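Colleague: Got a file for you: final_11.txt, compact mmCIF, C-alpha atoms and all ligand atoms.
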# COMPACT_ATOMS: atom_id res chain seq x y z
CA MET A 22 5.08 380.50 19.46
CA ALA A 23 8.12 379.53 21.55
CA ILE A 24 11.31 378.63 19.66
CA LYS A 25 11.10 375.00 20.76
CA ASP A 26 7.55 374.65 19.45
CA VAL A 27 8.54 376.14 16.08
CA VAL A 28 11.49 373.73 15.89
CA LYS A 29 9.34 370.71 16.85
CA GLU A 30 6.70 371.56 14.27
CA LYS A 31 9.26 372.11 11.53
CA TYR A 32 11.17 368.89 12.16
CA GLY A 33 8.02 366.90 12.83
CA GLN A 34 6.94 367.80 9.29
CA ALA A 35 10.41 367.03 7.94
CA ALA A 36 10.24 363.56 9.51
CA LEU A 37 6.84 362.89 7.92
CA ARG A 38 8.20 363.99 4.50
CA ALA A 39 11.06 361.51 4.94
CA VAL A 40 8.58 358.74 5.84
CA ASP A 41 6.73 359.56 2.59
CA GLY A 42 9.97 359.02 0.71
CA GLN A 43 10.52 362.69 -0.03
CA GLY A 44 13.94 364.13 0.63
CA ASN A 45 14.57 367.12 2.82
CA SER A 46 17.25 368.98 0.99
CA CYS A 47 17.66 371.73 3.50
CA CYS A 48 18.66 372.31 7.07
CA GLY A 49 15.66 374.58 7.39
CA GLY A 50 15.80 377.43 4.87
CA SER A 51 12.28 377.47 3.49
CA ALA A 52 13.15 378.73 0.00
CA SER A 53 15.56 375.98 -0.88
CA CYS A 54 13.65 372.99 0.52
CA GLY A 55 12.48 370.22 -1.74
CA PRO A 56 13.63 366.87 -3.01
CA GLU A 57 14.62 368.18 -6.42
CA THR A 58 16.81 370.99 -5.12
CA TRP A 59 20.53 370.71 -4.54
CA ASP A 60 21.19 372.40 -1.25
CA PRO A 61 24.68 373.70 -0.46
CA ILE A 62 24.21 373.06 3.27
CA THR A 63 22.95 369.49 3.50
CA SER A 64 24.05 367.88 0.21
CA ASN A 65 27.00 365.52 -0.23
CA LEU A 66 27.98 365.24 3.42
CA TYR A 67 28.51 361.46 3.47
CA ASP A 68 30.84 359.35 1.35
CA GLU A 69 29.74 356.33 -0.69
CA GLN A 70 30.91 353.83 1.92
CA GLN A 71 28.90 355.56 4.65
CA LYS A 72 25.84 355.78 2.38
CA ALA A 73 26.05 352.09 1.55
CA GLY A 74 26.17 351.14 5.24
CA VAL A 75 22.83 352.65 6.34
CA PRO A 76 19.21 352.30 5.14
CA ALA A 77 18.37 354.67 2.26
CA GLU A 78 15.58 356.17 4.38
CA ALA A 79 18.11 357.24 7.03
CA MET A 80 20.19 358.99 4.40
CA LEU A 81 17.09 360.62 2.93
CA ALA A 82 16.21 362.02 6.35
CA SER A 83 19.62 363.60 6.84
CA LEU A 84 19.28 367.26 7.76
CA GLY A 85 22.72 368.05 9.05
CA CYS A 86 25.33 370.52 7.87
CA GLY A 87 28.44 368.38 8.41
CA ASN A 88 29.64 364.86 9.09
CA PRO A 89 30.72 364.70 12.73
CA THR A 90 31.24 360.94 12.70
CA ALA A 91 33.86 361.29 9.96
CA LEU A 92 35.73 363.93 11.95
CA ALA A 93 35.36 362.62 15.50
CA GLU A 94 37.77 359.82 16.28
CA LEU A 95 35.42 357.18 17.61
CA LYS A 96 36.96 354.05 19.09
CA ALA A 97 35.62 350.56 19.70
CA GLY A 98 33.87 350.27 23.06
CA GLU A 99 33.09 353.98 23.45
CA THR A 100 29.75 355.54 24.37
CA VAL A 101 28.58 358.25 21.97
CA LEU A 102 25.69 360.68 22.35
CA ASP A 103 24.19 362.54 19.37
CA LEU A 104 22.40 365.75 20.39
CA GLY A 105 19.34 366.26 18.14
CA SER A 106 19.66 362.92 16.37
CA GLY A 107 16.82 363.48 13.85
CA GLY A 108 16.34 360.46 11.56
CA GLY A 109 19.33 358.79 13.20
CA ILE A 110 21.96 358.83 10.46
CA ASP A 111 24.89 359.83 12.69
CA VAL A 112 23.77 357.47 15.47
CA LEU A 113 23.77 354.53 13.03
CA LEU A 114 27.21 355.46 11.73
CA SER A 115 28.57 355.94 15.27
CA ALA A 116 27.16 352.61 16.47
CA LYS A 117 29.09 350.85 13.72
CA ARG A 118 32.27 352.68 14.63
CA VAL A 119 32.12 351.91 18.37
CA GLY A 120 31.07 348.31 17.67
CA PRO A 121 29.07 345.88 19.81
CA THR A 122 31.09 346.68 22.96
CA GLY A 123 30.19 350.36 22.61
CA LYS A 124 26.89 352.21 22.59
CA ALA A 125 25.36 355.06 20.59
CA TYR A 126 22.58 357.21 22.05
CA GLY A 127 20.45 359.59 20.01
CA LEU A 128 18.56 362.36 21.81
CA ASP A 129 15.70 364.26 20.18
CA MET A 130 12.60 366.09 21.40
CA THR A 131 10.43 365.56 18.29
CA ASP A 132 8.20 362.45 18.40
CA GLU A 133 8.04 362.05 14.61
CA MET A 134 11.84 362.15 14.36
CA LEU A 135 12.21 359.57 17.14
CA ALA A 136 9.74 357.26 15.37
CA LEU A 137 11.65 357.65 12.11
CA ALA A 138 15.01 357.05 13.82
CA ARG A 139 13.74 353.90 15.57
CA GLU A 140 12.37 352.58 12.28
CA ASN A 141 15.73 353.29 10.61
CA GLN A 142 17.49 351.44 13.43
CA ARG A 143 15.15 348.48 12.94
CA LYS A 144 15.91 348.41 9.19
CA SER A 145 19.64 348.64 9.82
CA GLY A 146 19.64 345.75 12.28
CA VAL A 147 22.22 347.51 14.44
CA GLY A 148 21.66 346.69 18.11
CA ASN A 149 23.90 348.92 20.22
CA ILE A 150 21.66 351.97 19.84
CA GLU A 151 19.13 353.74 22.04
CA PHE A 152 17.04 356.72 21.03
CA LEU A 153 16.01 358.90 23.97
CA LYS A 154 13.26 361.48 24.06
CA GLY A 155 14.32 364.74 25.62
CA GLU A 156 15.84 368.16 25.22
CA ILE A 157 19.49 368.88 24.66
CA GLU A 158 19.22 371.56 27.36
CA HIS A 159 18.32 368.81 29.89
CA ILE A 160 20.12 365.65 28.82
CA PRO A 161 18.48 362.55 30.36
CA LEU A 162 21.76 360.77 31.14
CA PRO A 163 23.89 360.64 34.32
CA ASP A 164 27.01 362.70 35.00
CA ASN A 165 30.29 361.38 33.51
CA SER A 166 28.61 358.69 31.40
CA VAL A 167 29.57 359.51 27.78
CA ASP A 168 32.93 359.39 25.94
CA VAL A 169 32.01 361.49 22.91
CA ILE A 170 29.26 364.00 22.18
CA ILE A 171 28.44 364.55 18.53
CA SER A 172 25.74 366.72 16.98
CA ASN A 173 24.88 367.82 13.47
CA CYS A 174 23.37 371.24 12.92
CA VAL A 175 21.29 371.32 16.10
CA ILE A 176 22.97 373.55 18.70
CA ASN A 177 22.26 376.58 16.50
CA LEU A 178 18.55 375.78 16.93
CA SER A 179 18.67 376.07 20.71
CA GLY A 180 17.52 379.22 22.48
CA ASP A 181 19.75 378.39 25.47
CA LYS A 182 23.18 377.42 24.16
CA ASP A 183 24.82 377.87 27.58
CA ALA A 184 22.53 375.20 29.01
CA VAL A 185 23.35 372.83 26.11
CA LEU A 186 27.10 373.24 26.63
CA ARG A 187 26.79 372.89 30.44
CA GLU A 188 24.81 369.69 30.00
CA ALA A 189 27.25 368.33 27.41
CA TYR A 190 30.08 368.94 29.88
CA ARG A 191 28.17 367.31 32.73
CA VAL A 192 27.45 364.04 30.92
CA LEU A 193 30.92 363.69 29.41
CA LYS A 194 33.42 361.56 31.29
CA PRO A 195 36.68 363.25 32.35
CA GLY A 196 38.77 363.35 29.18
CA GLY A 197 35.59 363.09 27.07
CA ARG A 198 35.32 364.80 23.68
CA PHE A 199 32.83 367.29 22.28
CA ALA A 200 32.90 366.99 18.46
CA VAL A 201 30.00 368.66 16.67
CA SER A 202 29.09 370.13 13.31
CA ASP A 203 27.27 373.43 13.57
CA VAL A 204 26.58 376.66 11.74
CA VAL A 205 28.92 379.39 12.95
CA VAL A 206 29.22 383.09 12.07
CA ARG A 207 32.72 384.49 11.79
CA GLY A 208 33.19 388.12 12.81
CA GLU A 209 30.88 391.12 12.83
CA VAL A 210 27.90 391.11 10.47
CA PRO A 211 25.16 393.80 10.39
CA ALA A 212 22.13 392.52 12.31
CA GLU A 213 19.75 392.47 9.33
CA VAL A 214 22.17 390.65 7.03
CA ARG A 215 22.92 388.15 9.78
CA GLN A 216 19.24 387.55 10.43
CA ASN A 217 18.44 386.94 6.76
CA MET A 218 21.39 384.65 6.12
CA LEU A 219 20.62 382.62 9.24
CA LEU A 220 16.99 382.38 8.17
CA TRP A 221 18.25 380.91 4.89
CA VAL A 222 20.45 378.41 6.73
CA GLY A 223 17.50 377.52 8.95
CA CYS A 224 18.97 378.66 12.25
CA ILE A 225 15.73 379.53 13.98
CA ALA A 226 17.34 380.62 17.25
CA GLY A 227 20.49 382.01 15.60
CA ALA A 228 24.00 380.67 15.19
CA LEU A 229 26.84 381.69 17.48
CA GLU A 230 29.68 383.92 16.40
CA GLU A 231 32.94 381.96 16.51
CA GLN A 232 34.51 383.82 19.45
CA GLU A 233 31.23 383.66 21.35
CA TYR A 234 31.14 379.88 20.78
CA ARG A 235 34.68 379.56 22.10
CA SER A 236 33.86 381.70 25.16
CA LYS A 237 30.74 379.73 25.97
CA LEU A 238 32.61 376.43 25.68
CA ALA A 239 35.34 377.74 27.98
CA ALA A 240 32.73 379.06 30.46
CA ALA A 241 31.16 375.58 30.56
CA GLY A 242 34.60 374.19 31.55
CA PHE A 243 35.91 372.87 28.21
CA GLU A 244 39.52 373.06 27.08
CA LEU A 245 41.35 372.39 23.77
CA ILE A 246 38.70 374.35 21.86
CA ASP A 247 38.94 374.39 18.08
CA VAL A 248 36.60 375.68 15.36
CA GLU A 249 37.41 374.37 11.87
CA PRO A 250 35.35 375.57 8.86
CA THR A 251 34.07 372.70 6.72
CA ARG A 252 31.91 374.73 4.28
CA THR A 253 31.68 378.48 3.80
CA TYR A 254 28.54 380.01 2.28
CA ASP A 255 28.30 383.13 0.16
CA VAL A 256 25.42 385.14 -1.24
CA GLU A 257 25.28 383.08 -4.43
CA ASP A 258 24.26 380.08 -2.32
CA ALA A 259 21.43 382.12 -0.83
CA ARG A 260 20.62 384.40 -3.79
CA GLN A 261 17.19 382.97 -4.61
CA PHE A 262 16.06 383.00 -0.98
CA LEU A 263 17.40 386.47 -0.22
CA THR A 264 15.90 387.95 -3.41
CA GLY A 265 12.54 386.54 -2.33
CA GLN A 266 12.95 388.45 0.93
CA GLY A 267 13.34 391.69 -1.04
CA ILE A 268 17.06 391.97 -0.32
CA ASP A 269 19.55 393.58 -2.73
CA VAL A 270 21.89 390.60 -2.85
CA ASP A 271 24.75 392.35 -4.69
CA ALA A 272 24.75 395.19 -2.18
CA ILE A 273 25.17 392.89 0.84
CA ALA A 274 27.61 390.47 -0.82
CA PRO A 275 30.77 392.02 0.72
CA GLN A 276 29.24 391.80 4.22
CA VAL A 277 28.49 388.10 3.76
CA GLU A 278 31.76 386.97 2.17
CA GLY A 279 33.52 384.38 4.35
CA LYS A 280 31.28 385.03 7.37
CA PHE A 281 28.79 382.14 7.35
CA MET A 282 30.03 378.61 7.63
CA SER A 283 29.41 375.09 8.71
CA ALA A 284 32.19 374.22 11.10
CA PHE A 285 33.51 371.29 13.06
CA VAL A 286 33.64 372.44 16.68
CA ARG A 287 35.86 370.44 18.99
CA ALA A 288 36.60 370.66 22.71
CA GLY A 289 37.59 368.39 25.57
CA LYS A 290 36.51 367.90 29.17
CA PRO A 291 39.65 368.12 31.31
CA GLY A 292 40.94 365.06 33.12
CA ARG A 293 41.52 361.62 31.78
CA ALA A 294 39.97 358.34 32.71
CA LYS A 295 42.70 356.27 34.35
CA GLU A 296 44.14 353.57 32.15
CA CYS A 297 44.38 350.24 33.87
CA CYS A 298 48.15 350.27 33.51
CA GLU A 299 48.41 353.29 35.83
CA PRO A 300 49.56 352.68 39.41
CA GLY A 301 46.70 352.31 41.87
CA CYS A 302 44.04 352.11 39.20
CA CYS A 303 43.23 348.44 39.41
CA SER A 304 43.78 347.97 43.13
C1 LIG B 1 18.59 370.09 11.60
S1 LIG B 1 17.87 368.63 12.25
C2 LIG B 1 19.33 367.61 12.33
C3 LIG B 1 19.03 366.18 12.53
C4 LIG B 1 20.24 365.24 12.50
N1 LIG B 1 21.27 365.67 13.43
C5 LIG B 1 20.80 365.11 11.11
O1 LIG B 1 21.99 365.41 10.91
O2 LIG B 1 20.06 364.72 10.20
C6 LIG B 1 17.58 369.08 13.94
C7 LIG B 1 17.05 368.00 14.87
O3 LIG B 1 17.28 368.41 16.20
C8 LIG B 1 16.11 368.27 16.98
N2 LIG B 1 16.15 369.34 18.00
C9 LIG B 1 16.21 370.67 17.78
N3 LIG B 1 16.28 371.34 18.93
C10 LIG B 1 16.26 370.41 19.92
C11 LIG B 1 16.32 370.48 21.35
N4 LIG B 1 16.38 371.64 21.98
N5 LIG B 1 16.31 369.33 22.05
C12 LIG B 1 16.22 368.11 21.41
N6 LIG B 1 16.16 367.99 20.07
C13 LIG B 1 16.18 369.12 19.33
C14 LIG B 1 14.98 368.38 16.00
O4 LIG B 1 13.82 367.71 16.47
C15 LIG B 1 15.57 367.73 14.74
O5 LIG B 1 15.33 366.35 14.73
Could I get this file's structure written as structure tokens?

Modeller:
Amino acid sequence: MAIKDVVKEKYGQAALRAVDGQGNSCCGGSASCGPETWDPITSNLYDEQQKAGVPAEAMLASLGCGNPTALAELKAGETVLDLGSGGGIDVLLSAKRVGPTGKAYGLDMTDEMLALARENQRKSGVGNIEFLKGEIEHIPLPDNSVDVIISNCVINLSGDKDAVLREAYRVLKPGGRFAVSDVVVRGEVPAEVRQNMLLWVGCIAGALEEQEYRSKLAAAGFELIDVEPTRTYDVEDARQFLTGQGIDVDAIAPQVEGKFMSAFVRAGKPGRAKECCEPGCCS
């Protein structure tokens, strides 16, 4: 089965579990999924104020690995696009931050997730939101139309990360910001260890190594690139899953230490929209 079909099936089922009122406590790692399990990747990402401001169902459907809306500096009147918006949690939070003069788009390819997100929008009563069906490798928005791109644990799922970053660059306005949470690998890790850890995290297509991420962003045209770890995972987090895969967890522990993380990845599209106070701008 193609990567995209695996991803659609997996997140289609996750959306239906959320509709049934069951939590999804993991970004994708099969061993640690379940409403009763505390998951080190997806748990406790949002503060009480954020939780109180969105429908409980939207919070229950959260499958991210960070909190990009808390880290991105969203301003009133801006247009935000969330790549792989899932149940819509970050779109709802962004829409509140940019206010009625701004707009928040969510983009997702999975029908069940789009239905869940639209229902969560309806319950929230927030109007300045639009959920679009499509792929993050082919963003259905015009060039230079978005101020900020956010995303939460989705780019690692794409089999064509160069296309995602090219498209993100294309739709951003000059001076626009790329501000996403993603799983990132830091440094060299033996292929088998990497594969098993990423399977635990749920990165079906594989996460990028930090330097590779930086290079790909630069190749797409971005500047001011920064990768800031927000959570680092060790073998204890993944012990149960890895043991189930027949892996000697203690033996691989040193190769895992400090290498797998959720990170806040930031970059900017060069150029700046002219402020109206600049000469020639308003004439
Ligand atoms: C890990 S979930 C994260 C959802 C959401 N960002 C959150 O924080 O709860 C991944 C989501 O990305 C969507 N997705 C994955 N790959 C995609 C792609 N190539 N194009 C569009 N959507 C994609 C899935 O359908 C799913 O809803």

Colleague: Kindly compile the residues surrounding ligand LIG 1 (chain B) within 6 Å, counting only C-alpha atoms and all ligand atoms, and format them as an MDAnalysis selection string.

Modeller: chainID A and resid 28:29 32 48 83:85 105:108 129:131 134 155:157 172:175 178:179

Colleague: Taking all atoms listed in the file into account, which of A:Leu95, A:Leu219, A:Ile225, A:Ala272 comes nearest Asp26 in chain A?

Modeller: A:Ile225

Colleague: What is the distance between CA of Gly98 in chain A and CA of Gly120 in chain A, in Å to one decimal?

Modeller: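 CA of Gly120 in chain A lies at a distance of 6.4 Å from CA of Gly98 in chain A.
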
Colleague: Any idea what's packed within 9 Å of Glu151 in chain A, counting only C-alpha atoms, ignoring anything in its chain fewer than 5 positions away? Could you give it as a list in words?

Modeller: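 Counting only the stated atoms, we get Val112, Lys124, Ala125, Tyr126, Gly127, Leu128 and Arg139 of chain A.
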
Colleague: Grab the CA of Glu257 in chain A to CA of Ala36 in chain A distance for me, in Å with one decimal place.

Modeller: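 According to the coordinates, CA of Glu257 in chain A and CA of Ala36 in chain A are separated by 28.3 Å.
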